[in-house]
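Text of target-v8.txt, listed as compact mmCIF, C-alpha atoms:
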# COMPACT_ATOMS: atom_id res chain seq x y z
CA MET A 1 -146.95 -144.29 -22.34
CA THR A 2 -149.20 -146.01 -19.79
CA SER A 3 -151.45 -143.79 -17.69
CA GLU A 4 -150.90 -143.93 -13.95
CA ALA A 5 -153.63 -141.43 -13.03
CA ASP A 6 -155.73 -143.98 -11.19
CA ASN A 7 -153.05 -145.28 -8.84
CA ARG A 8 -152.26 -141.97 -7.14
CA GLY A 9 -155.08 -142.53 -4.69
CA PHE A 10 -157.90 -140.50 -3.18
CA GLY A 11 -157.58 -139.48 0.45
CA LEU A 12 -159.48 -137.59 3.11
CA TYR A 13 -157.84 -135.30 5.66
CA ILE A 14 -159.74 -134.32 8.84
CA HIS A 15 -158.29 -131.44 10.85
CA TRP A 16 -158.82 -131.21 14.61
CA PRO A 17 -157.45 -127.75 15.47
CA PHE A 18 -157.17 -127.95 19.25
CA CYS A 19 -154.11 -128.50 21.47
CA LEU A 20 -153.50 -128.36 25.20
CA LYS A 21 -150.62 -125.95 24.49
CA LYS A 22 -148.89 -124.47 21.47
CA CYS A 23 -145.43 -125.89 20.80
CA PRO A 24 -142.85 -123.13 20.23
CA TYR A 25 -141.73 -124.49 16.83
CA CYS A 26 -145.24 -125.13 15.45
CA ASP A 27 -146.74 -123.01 12.66
CA PHE A 28 -149.72 -125.30 12.01
CA ASN A 29 -153.30 -124.12 12.40
CA SER A 30 -153.60 -125.14 16.05
CA HIS A 31 -155.35 -123.39 18.91
CA VAL A 32 -155.63 -123.71 22.67
CA ARG A 33 -159.23 -123.71 23.91
CA THR A 34 -160.41 -124.41 27.45
CA ASP A 35 -164.02 -125.15 26.50
CA ILE A 36 -164.87 -127.15 23.36
CA GLU A 37 -168.50 -127.88 22.52
CA GLN A 38 -167.86 -131.46 21.51
CA LEU A 39 -171.31 -132.25 20.14
CA ARG A 40 -171.31 -129.12 17.93
CA TRP A 41 -167.92 -130.06 16.56
CA ARG A 42 -168.92 -133.65 15.89
CA ASN A 43 -172.06 -132.58 14.05
CA ALA A 44 -170.20 -129.96 12.03
CA LEU A 45 -167.56 -132.43 10.89
CA LEU A 46 -170.30 -134.88 9.92
CA SER A 47 -172.03 -132.15 7.89
CA GLU A 48 -168.76 -131.32 6.15
CA LEU A 49 -168.26 -134.99 5.31
CA ASP A 50 -171.69 -135.08 3.69
CA HIS A 51 -170.87 -131.97 1.64
CA VAL A 52 -167.56 -133.34 0.38
CA ALA A 53 -169.13 -136.73 -0.39
CA VAL A 54 -171.47 -135.06 -2.89
CA LEU A 55 -168.49 -133.45 -4.66
CA THR A 56 -166.60 -136.75 -4.85
CA ALA A 57 -169.43 -139.22 -5.48
CA GLY A 58 -168.28 -142.53 -6.92
CA ARG A 59 -164.67 -142.26 -5.73
CA THR A 60 -162.95 -145.05 -3.81
CA LEU A 61 -161.30 -143.82 -0.62
CA GLN A 62 -157.82 -145.20 0.01
CA SER A 63 -156.89 -143.29 3.16
CA VAL A 64 -158.19 -141.16 6.02
CA PHE A 65 -155.86 -138.99 8.09
CA PHE A 66 -156.82 -137.28 11.35
CA GLY A 67 -154.35 -134.40 11.76
CA GLY A 68 -154.07 -131.29 13.84
CA GLY A 69 -153.72 -129.79 16.29
CA THR A 70 -153.92 -132.85 18.49
CA PRO A 71 -156.44 -135.40 17.18
CA SER A 72 -155.73 -137.72 20.11
CA LEU A 73 -157.65 -135.17 22.20
CA MET A 74 -160.79 -135.92 20.17
CA PRO A 75 -163.38 -138.09 21.90
CA ALA A 76 -163.09 -141.61 20.56
CA GLY A 77 -166.85 -141.48 19.98
CA THR A 78 -166.36 -138.62 17.53
CA VAL A 79 -163.70 -140.57 15.65
CA ALA A 80 -166.04 -143.57 15.49
CA ALA A 81 -168.97 -141.44 14.30
CA LEU A 82 -166.86 -139.89 11.53
CA LEU A 83 -165.54 -143.25 10.36
CA ASP A 84 -169.04 -144.73 10.40
CA ARG A 85 -170.31 -141.84 8.25
CA ILE A 86 -167.35 -142.16 5.88
CA ALA A 87 -168.21 -145.83 5.33
CA THR A 88 -171.71 -144.85 4.18
CA ARG A 89 -170.55 -142.07 1.84
CA TRP A 90 -167.69 -143.65 -0.13
CA ARG A 91 -166.51 -146.98 -1.39
CA LEU A 92 -163.60 -147.95 0.84
CA ALA A 93 -160.47 -149.65 -0.43
CA PRO A 94 -160.13 -153.13 1.13
CA ASP A 95 -156.82 -152.09 2.70
CA ILE A 96 -157.85 -148.53 3.60
CA GLU A 97 -155.29 -146.76 5.78
CA ILE A 98 -156.80 -144.79 8.69
CA THR A 99 -154.18 -142.75 10.55
CA LEU A 100 -154.54 -140.61 13.66
CA GLU A 101 -151.84 -138.27 14.92
CA ALA A 102 -151.28 -138.63 18.64
CA ASN A 103 -149.19 -137.16 21.41
CA PRO A 104 -147.51 -139.61 23.79
CA THR A 105 -148.70 -138.14 27.07
CA SER A 106 -149.94 -140.79 29.46
CA VAL A 107 -153.55 -139.58 29.26
CA GLU A 108 -153.67 -139.73 25.48
CA ALA A 109 -151.77 -143.01 25.14
CA GLU A 110 -154.23 -144.75 27.45
CA ARG A 111 -156.95 -143.97 24.89
CA PHE A 112 -155.26 -145.91 22.07
CA ARG A 113 -157.49 -148.97 22.55
CA SER A 114 -160.60 -146.82 22.10
CA PHE A 115 -159.24 -145.31 18.89
CA ALA A 116 -158.40 -148.78 17.56
CA ASP A 117 -161.92 -149.95 18.43
CA ALA A 118 -163.28 -146.93 16.52
CA GLY A 119 -161.51 -148.08 13.36
CA VAL A 120 -158.11 -146.36 13.40
CA ASN A 121 -155.46 -148.78 12.12
CA ARG A 122 -152.36 -146.58 12.14
CA VAL A 123 -151.04 -143.90 14.52
CA SER A 124 -148.40 -141.26 13.99
CA LEU A 125 -146.81 -140.28 17.30
CA GLY A 126 -145.32 -136.85 17.95
CA ILE A 127 -142.34 -138.12 19.95
CA GLN A 128 -139.89 -135.43 18.68
CA ALA A 129 -137.02 -136.50 20.98
CA LEU A 130 -135.93 -139.33 23.25
CA ASP A 131 -134.11 -136.96 25.58
CA ASP A 132 -135.79 -135.11 28.45
CA ALA A 133 -133.74 -131.91 28.11
CA ALA A 134 -134.53 -131.74 24.40
CA LEU A 135 -138.23 -132.33 25.08
CA ARG A 136 -138.27 -129.44 27.54
CA PHE A 137 -136.58 -127.18 24.98
CA LEU A 138 -139.15 -128.20 22.36
CA GLY A 139 -142.00 -127.41 24.74
CA ARG A 140 -143.35 -130.94 24.77
CA ALA A 141 -145.66 -132.09 27.56
CA HIS A 142 -144.30 -135.64 27.77
CA SER A 143 -141.11 -137.21 29.06
CA ALA A 144 -138.81 -139.61 27.22
CA ASP A 145 -140.15 -142.48 29.34
CA GLU A 146 -143.72 -141.56 28.42
CA ALA A 147 -142.65 -141.57 24.77
CA ARG A 148 -141.21 -145.08 25.08
CA HIS A 149 -144.36 -146.28 26.85
CA ALA A 150 -146.62 -144.75 24.19
CA ILE A 151 -144.67 -146.45 21.41
CA GLY A 152 -145.14 -149.76 23.21
CA LEU A 153 -148.90 -149.16 23.47
CA ALA A 154 -149.04 -148.21 19.79
CA ALA A 155 -147.32 -151.47 18.88
CA GLU A 156 -149.86 -153.35 21.02
CA HIS A 157 -153.03 -151.75 19.66
CA PHE A 158 -152.30 -150.88 16.01
CA GLY A 159 -151.06 -152.92 13.10
CA ARG A 160 -149.04 -149.94 11.90
CA TYR A 161 -147.46 -146.99 13.65
CA SER A 162 -144.87 -144.30 13.03
CA PHE A 163 -143.26 -141.63 15.12
CA ASP A 164 -141.57 -138.28 14.52
CA LEU A 165 -138.18 -137.01 15.66
CA ILE A 166 -136.68 -133.52 15.32
CA TYR A 167 -132.94 -133.08 14.89
CA ALA A 168 -130.46 -130.20 14.41
CA ARG A 169 -131.40 -128.95 17.86
CA PRO A 170 -129.16 -126.40 19.61
CA GLY A 171 -125.91 -127.98 20.73
CA GLN A 172 -126.74 -131.38 19.22
CA THR A 173 -123.65 -133.37 18.26
CA LEU A 174 -123.29 -136.13 15.71
CA ALA A 175 -122.51 -138.63 18.47
CA ALA A 176 -125.60 -137.70 20.50
CA TRP A 177 -127.87 -137.88 17.44
CA ASP A 178 -126.36 -141.20 16.41
CA ALA A 179 -127.15 -142.62 19.86
CA GLU A 180 -130.71 -141.26 19.72
CA LEU A 181 -131.28 -142.81 16.30
CA THR A 182 -129.88 -146.11 17.56
CA GLU A 183 -132.52 -146.17 20.29
CA ALA A 184 -135.23 -145.03 17.87
CA LEU A 185 -134.48 -147.98 15.63
CA THR A 186 -135.08 -150.38 18.51
CA LEU A 187 -138.55 -148.82 18.93
CA ALA A 188 -139.61 -148.30 15.31
CA ARG A 189 -141.40 -151.11 13.53
CA GLU A 190 -141.72 -149.98 9.93
CA HIS A 191 -141.79 -146.17 9.60
CA LEU A 192 -139.94 -143.19 11.02
CA SER A 193 -140.30 -139.47 10.20
CA VAL A 194 -137.26 -137.31 10.92
CA TYR A 195 -137.40 -133.53 10.52
CA GLN A 196 -134.70 -130.90 10.74
CA LEU A 197 -135.62 -128.10 13.15
CA THR A 198 -136.48 -124.95 11.22
CA ILE A 199 -137.51 -121.56 12.52
CA GLU A 200 -140.88 -120.56 11.08
CA PRO A 201 -142.27 -117.01 11.13
CA GLY A 202 -145.02 -116.43 13.66
CA THR A 203 -143.80 -119.06 16.10
CA ALA A 204 -142.45 -118.53 19.61
CA PHE A 205 -139.10 -119.93 18.46
CA HIS A 206 -138.94 -117.28 15.73
CA THR A 207 -139.10 -114.52 18.33
CA GLU A 208 -136.71 -116.24 20.73
CA HIS A 209 -134.20 -117.06 17.99
CA ALA A 210 -134.27 -113.48 16.70
CA ARG A 211 -133.41 -112.29 20.23
CA GLY A 212 -130.45 -114.63 20.34
CA GLY A 213 -132.08 -116.96 22.85
CA PHE A 214 -130.58 -120.02 21.16
CA ILE A 215 -128.35 -120.90 18.22
CA LEU A 216 -129.02 -123.68 15.73
CA PRO A 217 -126.24 -125.88 14.34
CA ASP A 218 -124.45 -124.29 11.37
CA ASP A 219 -125.05 -125.47 7.81
CA ASP A 220 -122.11 -127.88 7.80
CA THR A 221 -123.28 -129.54 11.02
CA GLY A 222 -126.87 -129.62 9.78
CA GLY A 223 -125.74 -131.28 6.55
CA ALA A 224 -123.69 -133.83 8.46
CA LEU A 225 -126.65 -134.64 10.72
CA TYR A 226 -128.84 -135.10 7.63
CA GLU A 227 -126.32 -137.40 5.96
CA LEU A 228 -125.91 -139.43 9.15
CA THR A 229 -129.70 -139.82 9.34
CA GLN A 230 -130.02 -141.01 5.76
CA ALA A 231 -127.18 -143.51 6.02
CA LYS A 232 -128.08 -144.94 9.41
CA LEU A 233 -131.78 -145.45 8.69
CA SER A 234 -131.13 -146.83 5.22
CA ASN A 235 -128.61 -149.32 6.59
CA ALA A 236 -131.26 -150.44 9.08
CA GLY A 237 -133.75 -151.15 6.27
CA LEU A 238 -135.82 -147.97 6.61
CA THR A 239 -135.34 -146.47 3.16
CA GLY A 240 -135.65 -142.72 2.75
CA TYR A 241 -138.59 -142.71 0.36
CA GLU A 242 -139.21 -138.96 0.89
CA ILE A 243 -137.03 -136.13 2.19
CA SER A 244 -138.03 -136.64 5.83
CA ASN A 245 -139.73 -140.05 5.79
CA HIS A 246 -138.24 -143.52 6.04
CA ALA A 247 -139.99 -146.87 5.79
CA ARG A 248 -139.52 -150.52 5.12
CA PRO A 249 -140.70 -151.45 1.59
CA GLY A 250 -144.50 -151.42 1.49
CA ALA A 251 -144.86 -149.53 4.79
CA GLU A 252 -144.85 -146.02 3.36
CA SER A 253 -147.62 -143.64 4.45
CA ARG A 254 -150.23 -144.20 1.74
CA HIS A 255 -152.05 -141.00 2.62
CA ASN A 256 -148.95 -138.85 2.27
CA LEU A 257 -148.01 -140.63 -0.96
CA THR A 258 -151.29 -139.34 -2.38
CA TYR A 259 -150.11 -135.78 -1.66
CA TRP A 260 -146.64 -136.32 -3.06
CA ARG A 261 -147.90 -138.15 -6.17
CA TYR A 262 -150.31 -135.26 -6.76
CA GLY A 263 -153.43 -137.35 -6.34
CA ASP A 264 -156.80 -136.02 -5.21
CA TYR A 265 -157.60 -135.43 -1.57
CA ALA A 266 -160.35 -133.65 0.33
CA GLY A 267 -159.63 -131.62 3.45
CA ILE A 268 -162.22 -130.84 6.10
CA GLY A 269 -161.89 -128.88 9.33
CA PRO A 270 -160.52 -125.40 10.06
CA GLY A 271 -157.84 -124.34 7.61
CA ALA A 272 -157.76 -127.68 5.80
CA HIS A 273 -156.71 -127.68 2.13
CA GLY A 274 -157.75 -130.02 -0.65
CA ARG A 275 -156.95 -130.81 -4.27
CA LEU A 276 -159.91 -132.27 -6.13
CA THR A 277 -160.58 -132.92 -9.79
CA LEU A 278 -164.11 -131.60 -10.32
CA ASP A 279 -165.77 -131.83 -13.75
CA GLY A 280 -162.37 -132.60 -15.22
CA VAL A 281 -160.67 -129.56 -13.65
CA LYS A 282 -158.14 -129.75 -10.82
CA CYS A 283 -159.22 -127.34 -8.08
CA ALA A 284 -157.60 -126.03 -4.92
CA LEU A 285 -159.99 -125.85 -1.97
CA ARG A 286 -159.41 -124.17 1.36
CA GLN A 287 -161.56 -124.24 4.51
CA ARG A 288 -162.04 -121.24 6.76
CA LYS A 289 -159.11 -121.04 9.15
CA ALA A 290 -160.39 -119.78 12.52
CA PRO A 291 -162.16 -122.59 14.42
CA GLU A 292 -165.17 -120.52 15.48
CA THR A 293 -165.57 -119.01 12.00
CA TRP A 294 -165.41 -122.44 10.42
CA LEU A 295 -167.95 -123.85 12.87
CA ASP A 296 -170.40 -120.99 12.25
CA SER A 297 -170.01 -121.38 8.48
CA VAL A 298 -170.76 -125.10 8.53
CA GLU A 299 -173.83 -124.60 10.72
CA ARG A 300 -175.06 -121.76 8.50
CA ASP A 301 -174.10 -122.94 5.00
CA GLY A 302 -173.56 -126.68 5.37
CA HIS A 303 -169.84 -126.43 4.66
CA GLY A 304 -166.75 -124.48 5.72
CA THR A 305 -165.13 -123.96 2.32
CA GLU A 306 -163.82 -120.43 1.93
CA GLU A 307 -162.13 -120.76 -1.45
CA GLN A 308 -162.36 -123.05 -4.48
CA LEU A 309 -160.10 -122.14 -7.38
CA ALA A 310 -159.46 -123.90 -10.68
CA LEU A 311 -155.70 -124.32 -11.06
CA THR A 312 -154.03 -123.32 -14.31
CA PRO A 313 -151.81 -125.86 -16.08
CA ALA A 314 -148.73 -123.86 -15.04
CA GLU A 315 -149.85 -123.92 -11.39
CA ARG A 316 -150.46 -127.67 -11.57
CA ALA A 317 -147.05 -128.23 -13.12
CA GLU A 318 -145.33 -126.29 -10.33
CA GLU A 319 -147.25 -128.10 -7.60
CA MET A 320 -146.61 -131.49 -9.18
CA LEU A 321 -142.88 -130.79 -9.36
CA MET A 322 -142.75 -129.42 -5.81
CA MET A 323 -144.46 -132.50 -4.40
CA GLY A 324 -143.15 -135.25 -6.65
CA LEU A 325 -139.47 -134.38 -6.46
CA ARG A 326 -139.60 -134.86 -2.69
CA LEU A 327 -139.91 -138.58 -3.39
CA ALA A 328 -136.97 -140.86 -4.09
CA GLU A 329 -139.06 -142.42 -6.85
CA GLY A 330 -139.43 -139.06 -8.60
CA ILE A 331 -142.15 -138.25 -11.12
CA PRO A 332 -143.12 -140.68 -13.89
CA LEU A 333 -143.17 -138.90 -17.23
CA SER A 334 -146.65 -140.35 -17.77
CA ARG A 335 -147.84 -138.08 -14.96
CA PHE A 336 -147.05 -135.01 -17.05
CA ILE A 337 -149.25 -136.43 -19.81
CA ASP A 338 -152.05 -137.40 -17.44
CA GLU A 339 -152.03 -134.14 -15.51
CA LEU A 340 -150.96 -131.58 -18.12
CA GLY A 341 -151.50 -133.13 -21.53
CA SER A 342 -147.88 -132.97 -22.69
CA GLY A 343 -144.41 -134.05 -21.66
CA PRO A 344 -141.95 -132.38 -19.30
CA GLU A 345 -140.21 -130.49 -22.08
CA ASP A 346 -143.22 -128.13 -22.18
CA TRP A 347 -143.13 -127.40 -18.42
CA LEU A 348 -139.45 -127.23 -17.46
CA ASP A 349 -136.91 -124.52 -18.14
CA PRO A 350 -134.50 -126.21 -20.58
CA ALA A 351 -131.41 -124.30 -19.46
CA GLY A 352 -132.23 -124.88 -15.79
CA LEU A 353 -132.89 -128.58 -16.41
CA ALA A 354 -129.59 -128.99 -18.21
CA ALA A 355 -127.74 -127.26 -15.38
CA MET A 356 -129.41 -129.38 -12.72
CA ILE A 357 -128.61 -132.60 -14.61
CA GLU A 358 -125.00 -131.54 -15.14
CA GLY A 359 -124.69 -130.60 -11.47
CA GLY A 360 -125.93 -134.01 -10.36
CA PHE A 361 -129.12 -132.70 -8.74
CA VAL A 362 -131.71 -134.34 -11.03
CA THR A 363 -131.87 -137.16 -13.54
CA LEU A 364 -134.20 -137.44 -16.54
CA ASP A 365 -134.57 -140.63 -18.52
CA GLY A 366 -137.26 -142.16 -20.66
CA ALA A 367 -139.38 -143.09 -17.66
CA ARG A 368 -139.14 -140.42 -14.96
CA LEU A 369 -137.74 -137.16 -13.62
CA THR A 370 -135.98 -137.69 -10.29
CA ALA A 371 -134.14 -135.50 -7.82
CA THR A 372 -130.95 -137.13 -6.60
CA ALA A 373 -130.14 -137.31 -2.89
CA ALA A 374 -128.15 -134.09 -3.28
CA GLY A 375 -131.05 -132.49 -5.14
CA ARG A 376 -133.61 -133.43 -2.51
CA GLN A 377 -131.39 -131.88 0.15
CA ARG A 378 -131.50 -128.57 -1.82
CA LEU A 379 -134.94 -128.93 -3.32
CA ASN A 380 -136.07 -125.31 -3.11
CA ALA A 381 -133.04 -124.18 -5.10
CA VAL A 382 -133.53 -126.99 -7.62
CA LEU A 383 -137.18 -126.09 -8.14
CA GLY A 384 -136.20 -122.47 -8.67
CA ARG A 385 -134.11 -123.57 -11.66
CA LEU A 386 -136.60 -126.05 -13.12
CA VAL A 387 -139.87 -124.11 -13.07
CA LEU A 388 -140.63 -121.96 -16.11

As structure tokens, what does this structure read like?
Amino acid sequence: MTSEADNRGFGLYIHWPFCLKKCPYCDFNSHVRTDIEQLRWRNALLSELDHVAVLTAGRTLQSVFFGGGTPSLMPAGTVAALLDRIATRWRLAPDIEITLEANPTSVEAERFRSFADAGVNRVSLGIQALDDAALRFLGRAHSADEARHAIGLAAEHFGRYSFDLIYARPGQTLAAWDAELTEALTLAREHLSVYQLTIEPGTAFHTEHARGGFILPDDDTGGALYELTQAKLSNAGLTGYEISNHARPGAESRHNLTYWRYGDYAGIGPGAHGRLTLDGVKCALRQRKAPETWLDSVERDGHGTEEQLALTPAERAEEMLMMGLRLAEGIPLSRFIDELGSGPEDWLDPAGLAAMIEGGFVTLDGARLTATAAGRQRLNAVLGRLVL
């Protein structure tokens, strides 16, 4: 069985934790601050880069992802300084993917040229909806026209771009979503991310939903919206390569593929997570979560890492399954050997596996373990049956 350990990639995630406002559905580590000491933050992120570079010396970097928060609020000079430092600390893949998440407000979109000049070659736009009433419900600061304009600017300044949409909104019909997807396909070039609205604990929507402030579509409607999404985008040539992500062949997010293929990645910035193989052991790393605490830690200790834990084989098996079965390509059986030292029969519950195969939720052949379309739609339940 041929090893595929080297083609899973090595990526770097940089977290910018600040937003102008907190969206009511968002449970990410994002914070509203009126006064940000930009030079302190730039220097701290540079120090963290230096620290991580020592841990990962000799690796070739395939991708960089600026996430948040709202990275498009970062000064372009900070982005440039970070990318310049990265180029001195790692070997860079010739086709390195450098993505920055951006909001489509007019102010941020007008900065796209500066980000491109800094070295960003791909943007991921938080469009979320192409309908003004839906944008107001979602707490977004931009209009549908601003979204369309930002997509046009992204197409002008970057070789690659993607944007996000949220569906299964209150009152959303199949006809309305079909029309919105039709317009989205006229704007998308190669990649589209489409997420079903979920209510996460700790968010403003969680409180409002619990009070009965709005009602989400029922399960049957949600399933129909999902199936419409998959069929419509696939028919347009944007294959669903992951549960919520669609792309033309070759245009998949390389950085996110590293996560889903259980490759190594470093995370820097408040609350960022990483998975790194250090001295032959796969470790989970986590940065301090609160922005001010993280900043103080980096300035005091040279890094903001709060936790570094060696993962047990059972923990790695569960993570690998959880990530890899999100992908339409599934998990090559060679990955079990590379990551765990033995085949899937040692890491899967045999009765659960048999039931999931019989039910049409997974397939297992001589090459790979794959969740079917039905299995990916119910992945949490499937994983509950597969994991020992």

Q | Between CA of Leu12 (chain A) and CA of Arg335 (chain A) - distance in Å to one decimal | A |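 Separation of CA of Arg335 (chain A) and CA of Leu12 (chain A): 21.5 Å.
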
Q.
Residues within 10 Å of Leu386 (chain A), please, as number ranges by chain. Count only C-alpha atoms; anything in the same chain fewer than 2 positions from it doesn't count.
A. A: 318, 321, 347-356, 362, 381-384, 388

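Here the question is which of A:Leu276, A:Gly119, A:Leu20, A:Ala93 gets nearest to Leu73 (chain A) using all atoms listed in the file, and that residue is A:Leu20.
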
Q) Leu192 (chain A): which residues within 8 Å, counting only C-alpha atoms, same-chain residues fewer than 2 positions away excluded, as a ChimeraX atom specification? A) /A:162-165,188,190,194,238,245-247

Q: Kindly indicate which residue among A:Gly77, A:Gly366, A:Gly202, A:Gly58 lies nearest to Ser114 (chain A), using all atoms listed in the file for the distances.
A: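 Nearest candidate to Ser114 (chain A) out of A:Gly77, A:Gly366, A:Gly202, A:Gly58: A:Gly77.
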
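CA of Ala57 (chain A) to CA of Trp90 (chain A) spans 7.2 Å [interatomic distance, one decimal].
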
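The space separating CA of Ser47 (chain A) from CA of Arg160 (chain A) comes to 29.3 Å.
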
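In terms of minimum interatomic distance to Val298 (chain A), A:Gly269 ranks closest within A:Pro344, A:Gly269, A:Pro217, A:Phe205, counting all atoms listed in the file.
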
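Here the question is which of A:Tyr241, A:Tyr262, A:Phe18, A:Phe361 gets nearest to Leu327 (chain A) using only C-alpha atoms, and that residue is A:Tyr241.
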
Q. Which residue, A:Gly302, A:Gly267, A:Gly324, A:Gly343, has the smallest gap to Leu379 (chain A) when you use only C-alpha atoms?
A.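 Ranked by minimum distance to Leu379 (chain A), first place goes to A:Gly324.
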
Can you pull out every residue within 12 Å of Asp131 (chain A), counting all atoms listed in the file, but drop anything in the same chain fewer than 4 positions away, and send it as a CSV table (one decimal) with C-alpha atoms, in the frame of the given file?
chain,number,residue,atom,x,y,z
A,127,ILE,CA,-142.3,-138.1,20.0
A,135,LEU,CA,-138.2,-132.3,25.1
A,136,ARG,CA,-138.3,-129.4,27.5
A,137,PHE,CA,-136.6,-127.2,25.0
A,138,LEU,CA,-139.2,-128.2,22.4
A,140,ARG,CA,-143.4,-130.9,24.8
A,142,HIS,CA,-144.3,-135.6,27.8
A,143,SER,CA,-141.1,-137.2,29.1
A,144,ALA,CA,-138.8,-139.6,27.2
A,145,ASP,CA,-140.2,-142.5,29.3
A,146,GLU,CA,-143.7,-141.6,28.4
A,147,ALA,CA,-142.6,-141.6,24.8
A,148,ARG,CA,-141.2,-145.1,25.1
A,165,LEU,CA,-138.2,-137.0,15.7
A,166,ILE,CA,-136.7,-133.5,15.3
A,167,TYR,CA,-132.9,-133.1,14.9
A,169,ARG,CA,-131.4,-129.0,17.9
A,172,GLN,CA,-126.7,-131.4,19.2
A,176,ALA,CA,-125.6,-137.7,20.5
A,177,TRP,CA,-127.9,-137.9,17.4
A,179,ALA,CA,-127.2,-142.6,19.9
A,180,GLU,CA,-130.7,-141.3,19.7
A,181,LEU,CA,-131.3,-142.8,16.3
A,183,GLU,CA,-132.5,-146.2,20.3
A,184,ALA,CA,-135.2,-145.0,17.9

(Q) Just checking: using all atoms listed in the file, which residue out of A:Phe65, A:Trp16, A:Trp260, A:Tyr265 ends up closest to Ala328 (chain A)? (A) A:Trp260

Q: Fewer than 4 positions away in the same chain doesn't count, so skip those; otherwise give me all residues within 7 Å of Ile268 (chain A), counting all atoms listed in the file, as a PyMOL selection string.
A: chain A and resi 13-15+48+272+287

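Neighbouring residues of Ile215 (chain A) at 8 Å or closer, counting only C-alpha atoms and skipping chain neighbours under 2 positions away, are Pro170, Gly171, His209, Gly212, Gly213 and Pro217 of chain A.
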
Let me see the file: selected residues, C-alpha atoms, as an mmCIF file, keeping the file's coordinate frame.
data_model
loop_
_atom_site.group_PDB
_atom_site.id
_atom_site.type_symbol
_atom_site.label_atom_id
_atom_site.label_comp_id
_atom_site.auth_asym_id
_atom_site.auth_seq_id
_atom_site.Cartn_x
_atom_site.Cartn_y
_atom_site.Cartn_z
ATOM 1 C CA PRO A 170 -129.160 -126.400 19.610
ATOM 2 C CA GLY A 171 -125.910 -127.980 20.730
ATOM 3 C CA HIS A 209 -134.200 -117.060 17.990
ATOM 4 C CA GLY A 212 -130.450 -114.630 20.340
ATOM 5 C CA GLY A 213 -132.080 -116.960 22.850
ATOM 6 C CA PRO A 217 -126.240 -125.880 14.340
#
